[in-house]
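Okay, so here's the structure we're looking at.
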Amino acid sequence: KGMYLLEAMAAGTPVVQPRRGAFVETVERTGGGILTDTTPRAIAEGLRRIAEQPDLAAELGARGARGVREQYSVQAEADRVLAVYEQLVAARRTTGARSA
């Protein structure tokens, strides 16, 4: 699931990840890193970019920390679960009302 990504970004560390699987959604939702091709060269170039551009690294780190708090906190996850339950209850009420 990429928990290590969330932990790194929560600490303000920018990440470089291949554009693959759940990594894409995590990095895009938080804004805390760079997505690359899956080749070792592309990943190395992403790491070099962060190493050579401290302003970029600082910006990605700040965005990542903020994004993790906003998107992946316990409260954010609880809010999403509650929203799903509310939709299910509303759908059931609508379906139940039609069949009565």
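Residue numbering restarts at 1 in every chain; chains get A, B, ... in the order shown in the structure tokens, and ligands count up from 1 in that same order.
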
Could you name the residues that touch range 49-56 of chain A at 12 Å or less, counting only C-alpha atoms, but leaving out those on the same chain fewer than 3 positions away, as number ranges by chain? A: 13-16, 31-36, 42-46, 59-64

Which neighbours of Leu6 in chain A fall inside 10 Å, counting only C-alpha atoms, when residues of the same chain fewer than 5 positions from it are skipped, and could you give them as a list in words? Lys1, Ala11, Gly12, Thr13, Val15, Thr26, Val27, Thr30, Gly32, Gly64, Ala65, Gly67, Val68, Arg69 and Tyr72 of chain A

With only C-alpha atoms as the basis for distance, which of A:Val89, A:Ala83, A:Leu47, A:Ala58 is at the shortest distance from Met9 in chain A? A:Ala58

All strand (DSSP E or B) positions in range 31-99 of chain A, as a PyMOL selection string: chain A and resi 33-36
